[in-house]
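Asker: Supplied structure: start-v7.tsv, TSV, C-alpha atoms.
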chain	number	residue	atom	x	y	z
A	1	MET	CA	-113.13	-50.11	-148.73
A	2	LEU	CA	-112.97	-53.12	-151.04
A	3	LEU	CA	-111.54	-52.53	-154.51
A	4	ASN	CA	-110.51	-48.94	-153.72
A	5	ASP	CA	-107.10	-49.57	-155.28
A	6	ILE	CA	-106.39	-50.69	-158.85
A	7	ARG	CA	-104.27	-53.50	-157.40
A	8	ASP	CA	-107.43	-54.95	-155.88
A	9	TYR	CA	-108.72	-55.43	-159.42
A	10	GLN	CA	-105.42	-57.02	-160.42
A	11	ILE	CA	-105.77	-59.52	-157.58
A	12	LEU	CA	-109.38	-60.22	-158.53
A	13	PHE	CA	-108.62	-60.74	-162.22
A	14	LEU	CA	-105.53	-62.89	-161.63
A	15	SER	CA	-107.53	-65.04	-159.21
A	16	ILE	CA	-110.28	-65.47	-161.80
A	17	PHE	CA	-107.69	-66.45	-164.43
A	18	LEU	CA	-106.24	-69.03	-162.06
A	19	VAL	CA	-109.63	-70.60	-161.31
A	20	LEU	CA	-110.58	-70.45	-164.99
A	21	GLY	CA	-107.34	-72.07	-166.09
A	22	ILE	CA	-107.67	-74.92	-163.62
A	23	GLY	CA	-111.32	-75.46	-164.50
A	24	THR	CA	-111.17	-75.19	-168.30
A	25	ARG	CA	-107.59	-75.92	-169.38
A	26	ASP	CA	-106.80	-78.98	-167.22
A	27	TRP	CA	-103.46	-77.59	-166.11
A	28	THR	CA	-101.00	-79.74	-164.22
A	29	LEU	CA	-101.33	-77.33	-161.31
A	30	ARG	CA	-101.15	-78.49	-157.71
A	31	PRO	CA	-103.26	-76.46	-155.24
A	32	GLU	CA	-100.69	-76.96	-152.49
A	33	LEU	CA	-98.07	-75.15	-154.57
A	34	ILE	CA	-100.40	-72.17	-154.92
A	35	GLY	CA	-100.65	-72.09	-151.14
A	36	VAL	CA	-96.87	-72.33	-150.86
A	37	ALA	CA	-96.40	-69.43	-153.27
A	38	ILE	CA	-98.88	-67.20	-151.42
A	39	ALA	CA	-97.52	-68.03	-147.96
A	40	THR	CA	-93.89	-67.57	-149.01
A	41	CYS	CA	-94.58	-64.22	-150.68
A	42	LEU	CA	-96.47	-62.91	-147.65
A	43	LEU	CA	-93.82	-64.08	-145.18
A	44	THR	CA	-90.93	-62.74	-147.26
A	45	GLN	CA	-92.71	-59.40	-147.75
A	46	TRP	CA	-93.32	-59.09	-144.01
A	47	PHE	CA	-89.79	-60.11	-143.01
A	48	LEU	CA	-87.94	-57.85	-145.45
A	49	SER	CA	-90.29	-54.93	-144.85
A	50	SER	CA	-89.63	-55.20	-141.12
A	51	ILE	CA	-85.87	-55.64	-141.41
A	52	ILE	CA	-84.98	-53.37	-144.35
A	53	SER	CA	-87.75	-50.79	-144.63
A	54	GLN	CA	-88.87	-50.82	-140.97
A	55	GLU	CA	-92.48	-50.83	-142.16
A	56	GLN	CA	-95.08	-51.89	-139.62
A	57	LYS	CA	-97.88	-52.55	-142.12
A	58	LEU	CA	-97.70	-55.59	-144.38
A	59	ASN	CA	-98.10	-54.83	-148.09
A	60	ILE	CA	-100.53	-57.67	-148.75
A	61	ARG	CA	-101.50	-56.48	-152.23
A	62	SER	CA	-97.93	-56.57	-153.48
A	63	ALA	CA	-97.29	-60.08	-152.18
A	64	LEU	CA	-100.59	-61.45	-153.49
A	65	ILE	CA	-100.09	-60.07	-157.00
A	66	THR	CA	-96.62	-61.62	-157.17
A	67	SER	CA	-97.76	-64.99	-155.81
A	68	LEU	CA	-100.74	-65.16	-158.20
A	69	GLY	CA	-98.49	-64.30	-161.14
A	70	LEU	CA	-96.09	-67.09	-160.19
A	71	SER	CA	-98.98	-69.54	-159.76
A	72	LEU	CA	-100.31	-68.68	-163.24
A	73	LEU	CA	-97.03	-68.96	-165.10
A	74	LEU	CA	-94.58	-71.19	-163.24
A	75	ARG	CA	-94.74	-74.97	-162.91
A	76	ALA	CA	-92.64	-77.05	-160.54
A	77	ASP	CA	-92.43	-80.61	-159.27
A	78	HIS	CA	-91.29	-79.77	-155.75
A	79	TRP	CA	-92.53	-77.25	-153.20
A	80	THR	CA	-88.97	-76.10	-152.50
A	81	THR	CA	-88.75	-74.76	-156.06
A	82	MET	CA	-91.85	-72.64	-155.53
A	83	VAL	CA	-90.44	-71.36	-152.24
A	84	LEU	CA	-87.25	-70.32	-154.03
A	85	ALA	CA	-89.19	-68.58	-156.79
A	86	ALA	CA	-91.54	-66.74	-154.41
A	87	ALA	CA	-88.85	-65.67	-151.94
A	88	SER	CA	-86.50	-64.43	-154.67
A	89	ALA	CA	-89.37	-62.59	-156.38
A	90	ILE	CA	-90.18	-60.54	-153.28
A	91	ALA	CA	-86.51	-60.10	-152.34
A	92	SER	CA	-85.74	-58.61	-155.76
A	93	LYS	CA	-87.88	-55.58	-154.90
A	94	PHE	CA	-85.73	-54.81	-151.87
A	95	PHE	CA	-82.26	-55.65	-153.14
A	96	PHE	CA	-82.40	-54.66	-156.82
A	97	GLN	CA	-83.47	-51.06	-156.59
A	98	VAL	CA	-81.99	-47.63	-157.11
A	99	GLY	CA	-83.41	-44.88	-154.95
A	100	ASN	CA	-87.07	-45.78	-154.45
A	101	LYS	CA	-87.50	-47.94	-157.54
A	102	HIS	CA	-86.92	-51.62	-158.20
A	103	PHE	CA	-86.15	-52.46	-161.82
A	104	PHE	CA	-86.95	-56.18	-162.03
A	105	ASN	CA	-90.54	-57.33	-162.31
A	106	PRO	CA	-90.87	-59.50	-159.16
A	107	ALA	CA	-92.79	-62.43	-160.67
A	108	ASN	CA	-90.53	-62.45	-163.72
A	109	PHE	CA	-87.43	-62.45	-161.50
A	110	GLY	CA	-88.80	-65.39	-159.50
A	111	ILE	CA	-89.56	-67.37	-162.66
A	112	ILE	CA	-86.08	-66.87	-164.10
A	113	THR	CA	-84.45	-67.68	-160.75
A	114	ALA	CA	-86.32	-70.99	-160.59
A	115	LEU	CA	-85.44	-71.82	-164.20
A	116	LEU	CA	-81.76	-71.07	-163.64
A	117	LEU	CA	-81.23	-72.65	-160.23
A	118	THR	CA	-83.46	-75.74	-160.30
A	119	SER	CA	-84.03	-78.66	-162.62
A	120	ASP	CA	-87.76	-79.12	-162.08
A	121	ALA	CA	-89.16	-75.69	-162.99
A	122	TRP	CA	-90.70	-74.82	-166.33
A	123	VAL	CA	-92.98	-72.30	-168.01
A	124	SER	CA	-95.73	-73.34	-170.39
A	125	PRO	CA	-96.46	-70.40	-172.75
A	126	GLY	CA	-99.09	-72.42	-174.60
A	127	GLN	CA	-101.12	-73.36	-171.54
A	128	TRP	CA	-103.99	-71.03	-172.54
A	129	GLY	CA	-104.24	-72.30	-176.10
A	130	GLU	CA	-105.49	-69.92	-178.79
A	131	ASP	CA	-109.22	-69.77	-177.98
A	132	TRP	CA	-110.52	-66.33	-178.96
A	133	TRP	CA	-112.59	-65.80	-175.83
A	134	TYR	CA	-109.52	-66.04	-173.59
A	135	GLY	CA	-108.00	-63.24	-175.65
A	136	LEU	CA	-111.11	-61.08	-175.22
A	137	LEU	CA	-111.10	-61.72	-171.48
A	138	PHE	CA	-107.43	-60.76	-171.11
A	139	VAL	CA	-107.75	-57.66	-173.30
A	140	GLY	CA	-110.86	-56.49	-171.45
A	141	THR	CA	-109.55	-56.96	-167.93
A	142	GLY	CA	-105.97	-56.06	-168.72
A	143	GLY	CA	-107.11	-53.05	-170.69
A	144	MET	CA	-108.90	-51.73	-167.64
A	145	ILE	CA	-105.74	-52.06	-165.56
A	146	VAL	CA	-103.35	-50.41	-168.02
A	147	GLN	CA	-105.84	-47.62	-168.73
A	148	ARG	CA	-106.06	-46.80	-165.02
A	149	VAL	CA	-102.29	-46.82	-164.55
A	150	GLY	CA	-101.69	-45.01	-167.84
A	151	ARG	CA	-99.43	-47.58	-169.50
A	152	TRP	CA	-101.25	-48.37	-172.76
A	153	ASP	CA	-98.23	-47.03	-174.63
A	154	THR	CA	-96.04	-49.84	-173.29
A	155	THR	CA	-98.49	-52.59	-174.26
A	156	ALA	CA	-99.06	-51.07	-177.71
A	157	ALA	CA	-95.33	-50.66	-178.37
A	158	PHE	CA	-94.55	-54.24	-177.36
A	159	LEU	CA	-97.44	-55.97	-179.15
A	160	GLY	CA	-97.22	-53.70	-182.21
A	161	SER	CA	-93.48	-54.23	-182.68
A	162	TYR	CA	-93.70	-57.96	-182.12
A	163	ALA	CA	-96.67	-58.28	-184.50
A	164	VAL	CA	-94.79	-56.41	-187.26
A	165	LEU	CA	-91.69	-58.59	-186.85
A	166	GLU	CA	-93.75	-61.79	-186.99
A	167	ALA	CA	-95.63	-60.49	-190.07
A	168	ILE	CA	-92.36	-59.80	-191.90
A	169	ARG	CA	-91.07	-63.26	-191.05
A	170	ASN	CA	-94.35	-64.84	-192.12
A	171	LEU	CA	-94.17	-63.08	-195.51
A	172	TRP	CA	-90.49	-63.96	-195.94
A	173	LEU	CA	-91.16	-67.66	-195.33
A	174	GLY	CA	-94.32	-67.67	-197.45
A	175	TRP	CA	-96.50	-69.08	-194.72
A	176	THR	CA	-100.27	-68.70	-194.61
A	177	TRP	CA	-101.73	-66.07	-192.30
A	178	ASP	CA	-103.34	-68.63	-190.01
A	179	VAL	CA	-99.80	-69.47	-188.85
A	180	TYR	CA	-99.25	-65.81	-188.07
A	181	TRP	CA	-102.44	-65.46	-186.04
A	182	HIS	CA	-101.69	-68.73	-184.28
A	183	ARG	CA	-98.40	-67.26	-183.05
A	184	LEU	CA	-99.97	-64.00	-181.90
A	185	MET	CA	-103.21	-65.22	-180.31
A	186	SER	CA	-101.53	-66.72	-177.29
A	187	GLY	CA	-103.08	-66.19	-173.89
A	188	SER	CA	-99.68	-66.15	-172.20
A	189	LEU	CA	-98.41	-63.50	-174.62
A	190	LEU	CA	-101.41	-61.28	-173.87
A	191	LEU	CA	-101.06	-61.81	-170.14
A	192	PHE	CA	-97.42	-60.78	-170.39
A	193	ALA	CA	-98.21	-57.69	-172.48
A	194	LEU	CA	-101.08	-56.51	-170.27
A	195	PHE	CA	-100.09	-57.54	-166.75
A	196	MET	CA	-96.30	-57.95	-166.60
A	197	VAL	CA	-94.52	-55.66	-169.06
A	198	THR	CA	-96.74	-52.77	-167.89
A	199	ASP	CA	-95.77	-52.92	-164.20
A	200	PRO	CA	-95.47	-49.16	-163.49
A	201	ARG	CA	-93.03	-49.58	-160.59
A	202	SER	CA	-90.36	-51.41	-162.59
A	203	ILE	CA	-90.53	-49.89	-166.09
A	204	PRO	CA	-89.20	-46.52	-167.34
A	205	ASN	CA	-90.99	-43.46	-166.02
A	206	ALA	CA	-90.98	-41.37	-169.20
A	207	ARG	CA	-93.25	-42.32	-172.11
A	208	ILE	CA	-90.46	-42.22	-174.70
A	209	GLY	CA	-88.37	-44.46	-172.46
A	210	ARG	CA	-91.22	-46.94	-172.04
A	211	ILE	CA	-91.84	-47.13	-175.78
A	212	ILE	CA	-88.19	-47.71	-176.68
A	213	TRP	CA	-87.85	-50.20	-173.83
A	214	ALA	CA	-90.93	-52.16	-174.94
A	215	VAL	CA	-89.73	-52.24	-178.56
A	216	CYS	CA	-86.36	-53.60	-177.40
A	217	ILE	CA	-88.12	-56.37	-175.46
A	218	ALA	CA	-90.22	-57.23	-178.52
A	219	ILE	CA	-87.12	-57.46	-180.73
A	220	LEU	CA	-85.23	-59.66	-178.25
A	221	THR	CA	-88.33	-61.85	-177.76
A	222	PHE	CA	-88.58	-62.31	-181.52
A	223	ILE	CA	-84.89	-63.28	-181.79
A	224	LEU	CA	-84.94	-65.68	-178.85
A	225	ARG	CA	-88.14	-67.35	-180.00
A	226	ASN	CA	-87.41	-67.72	-183.71
A	227	TYR	CA	-83.64	-68.14	-183.85
A	228	PHE	CA	-82.84	-69.76	-180.51
A	229	PHE	CA	-86.19	-71.59	-180.26
A	230	ILE	CA	-86.80	-70.60	-176.62
A	231	SER	CA	-90.49	-71.05	-175.91
A	232	SER	CA	-90.38	-68.79	-172.83
A	233	ALA	CA	-88.60	-66.02	-174.77
A	234	VAL	CA	-90.75	-63.16	-173.44
A	235	PHE	CA	-89.73	-63.82	-169.85
A	236	TRP	CA	-86.04	-64.05	-170.68
A	237	ALA	CA	-86.22	-60.87	-172.76
A	238	LEU	CA	-87.82	-58.91	-169.91
A	239	PHE	CA	-85.27	-60.23	-167.42
A	240	ILE	CA	-82.26	-59.42	-169.62
A	241	LEU	CA	-83.40	-55.91	-170.52
A	242	ALA	CA	-84.87	-54.89	-167.15
A	243	PRO	CA	-81.74	-52.91	-166.11
A	244	LEU	CA	-82.27	-50.61	-169.11
A	245	THR	CA	-84.98	-49.00	-167.00
A	246	LEU	CA	-82.26	-47.29	-164.96
A	247	LEU	CA	-80.54	-45.96	-168.08
A	248	PHE	CA	-83.74	-44.63	-169.61
A	249	ASP	CA	-84.83	-43.01	-166.33
A	250	ALA	CA	-81.48	-41.25	-166.13
A	251	PHE	CA	-81.71	-40.09	-169.75
A	252	TRP	CA	-85.38	-39.03	-169.76
A	253	SER	CA	-86.48	-37.39	-166.52
A	254	ALA	CA	-90.10	-38.01	-165.46
A	255	PRO	CA	-92.12	-38.37	-162.23
A	256	GLU	CA	-91.95	-41.70	-160.44
A	257	TYR	CA	-95.12	-43.77	-160.20
A	258	SER	CA	-96.97	-44.22	-156.92
A	259	TRP	CA	-99.94	-46.56	-156.50
A	260	LEU	CA	-101.96	-44.47	-154.06
A	261	ARG	CA	-102.99	-40.95	-153.27
A	262	LYS	CA	-104.43	-40.11	-149.88
A	263	ASP	CA	-107.91	-40.89	-151.17
A	264	GLY	CA	-106.81	-44.39	-152.19
A	265	ASN	CA	-106.88	-43.82	-155.94
A	266	THR	CA	-104.09	-44.59	-158.35
A	267	SER	CA	-101.92	-41.65	-159.26
A	268	VAL	CA	-98.52	-40.52	-160.40
A	269	THR	CA	-96.58	-38.87	-157.61
A	270	GLU	CA	-94.51	-35.90	-158.65
A	271	ILE	CA	-91.07	-36.87	-157.37
A	272	SER	CA	-87.99	-35.33	-158.85
A	273	PRO	CA	-85.37	-37.93	-159.81
A	274	VAL	CA	-82.71	-35.79	-158.16
A	275	SER	CA	-84.55	-35.18	-154.91
A	276	SER	CA	-84.59	-37.32	-151.78
A	277	PRO	CA	-88.25	-38.29	-151.23
A	278	GLN	CA	-89.61	-40.46	-148.48
A	279	PRO	CA	-89.29	-44.17	-149.38
A	280	LEU	CA	-92.20	-45.66	-151.23
A	281	MET	CA	-93.51	-49.05	-150.29
A	282	PRO	CA	-92.01	-51.50	-152.81
A	283	SER	CA	-94.68	-53.22	-154.81
A	284	PRO	CA	-95.11	-54.89	-158.19
Go ahead and express the file in the form of structure tokens.
Answerer:
Amino acid sequence: MLLNDIRDYQILFLSIFLVLGIGTRDWTLRPELIGVAIATCLLTQWFLSSIISQEQKLNIRSALITSLGLSLLLRADHWTTMVLAAASAIASKFFFQVGNKHFFNPANFGIITALLLTSDAWVSPGQWGEDWWYGLLFVGTGGMIVQRVGRWDTTAAFLGSYAVLEAIRNLWLGWTWDVYWHRLMSGSLLLFALFMVTDPRSIPNARIGRIIWAVCIAILTFILRNYFFISSAVFWALFILAPLTLLFDAFWSAPEYSWLRKDGNTSVTEISPVSSPQPLMPSP
């Protein structure tokens, strides 16, 4: 049944954002690179699932979500760079995991890999501009996703902490409040807060862990952006602090997240952190 999984809505919304961005923002986005990202993610998912997990069924949803995320956020001059980003993104789910859980967000891992290992990759945080209707679109669609997966606390902790830090800095420097709103009303920031930092399979399981983790990411983002002048600070902050998920999961015990129940609906699977459950299909 179509759209019987919350990830189907993620795929739909990310596809709409991609079409909307190309049609209304005049991005320097090459359609062939989107195809490369999708094909590489699907092939890598199939290969590693067959070799490492011995899974017979291809996890198409997982690969599509990762490839669409890369297409929305990453820019490259050469197709080989996109191949590197897509392959490393999917591979991170299989190689950087403890028990049944990977701790790097796949798309974020692919972006950072491309930025570190190539000279022609870049991220454009300002590609969405500050038009208010983009913000409403992201909040509406992203809000539906995080409400279904139960991760509003993570988005609220990240955006709330970052907004407070920027407000304090704005007051300290004596700037007008339009500067403040300009820095917050970024489409890329909202996409990050609603679709990336809330990935339930790579963030802490316990609510208190998620809140502390999100606040830490907000603080590091603020430092990297305002004192090291890194425009893609949110992606670096998530990458650097991703391993904290393992520490917080060990400190605060909570059920692991599973995308599906038998009826196809999103749920949290009650899995004890000290038990030995059947492997879950890795997915973003």
Asker: One decimal, Å: what's the distance from CA of Leu68 (chain A) over to CA of Ile240 (chain A), could you say?
Answerer: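 Answer for the CA of Leu68 (chain A) to CA of Ile240 (chain A) separation: 22.5 Å.
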Asker: Using CA of Leu244 (chain A) and CA of Ala89 (chain A) as the two end points, give the distance in Å to one decimal.
Answerer: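 Pair CA of Leu244 (chain A) / CA of Ala89 (chain A) returns 18.9 Å.
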Asker: Hey, what's within 6 Å of region 151-160 of chain A if we count only C-alpha atoms and toss same-chain stuff fewer than 5 positions away? As a PyMOL selection string, please?
Answerer: chain A and resi 146+193+210-211+214-215+218
Asker: Kindly give the distance, in Å, that separates CA of Ser88 (chain A) and CA of Ile6 (chain A), rounded to a single decimal.
Answerer: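 Rounded to one decimal, the two atoms are 24.5 Å apart.
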Asker: Give me, as a VMD selection string, all polymer residues having an atom no more than 12 Å from Thr80 (chain A), counting only C-alpha atoms and skipping those fewer than 6 positions away in the same chain.
Answerer: chain A and resid 32 to 33 36 to 37 40 86 to 87 114 117 to 121
Asker: Padding of 6 Å on every side, edges along x, y and z, all listed atoms of region 147-165 of chain A included: what centre and edge lengths in Å, to one decimal, does that box have, as JSON?
Answerer:
{"center_x": -98.9, "center_y": -51.8, "center_z": -175.9, "size_x": 26.4, "size_y": 25.6, "size_z": 34.7}
Asker: Which one is closest to Pro255 (chain A): A:Asn100, A:Thr113, A:Ser49, A:Ser232? Count all atoms listed in the file.
Answerer: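 Answer, going by the shortest atom-to-atom distance: A:Asn100.
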Asker: From the set A:Leu247, A:Leu12, A:Leu190, A:Leu70, which residue has the shortest atom-to-atom contact distance to Ile203 (chain A), counting all atoms listed in the file?
Answerer: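 Smallest separation from Ile203 (chain A) among the options: A:Leu247.
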Asker: Which of these residues is nearest to Pro106 (chain A), using all atoms listed in the file: A:Ser50, A:Asn226, A:Ser253, A:Thr66?
Answerer: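 Closest to Pro106 (chain A) of all the choices is A:Thr66.
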Asker: Around the point (-89.1, -37.1, -171.0), in the coordinates given by the file, pick out the residues reaching within 8 Å, counting all atoms listed in the file, and return them as a list in words.
Answerer: Ala206, Arg207, Ile208, Gly209, Trp252, Ser253 and Ala254 of chain A
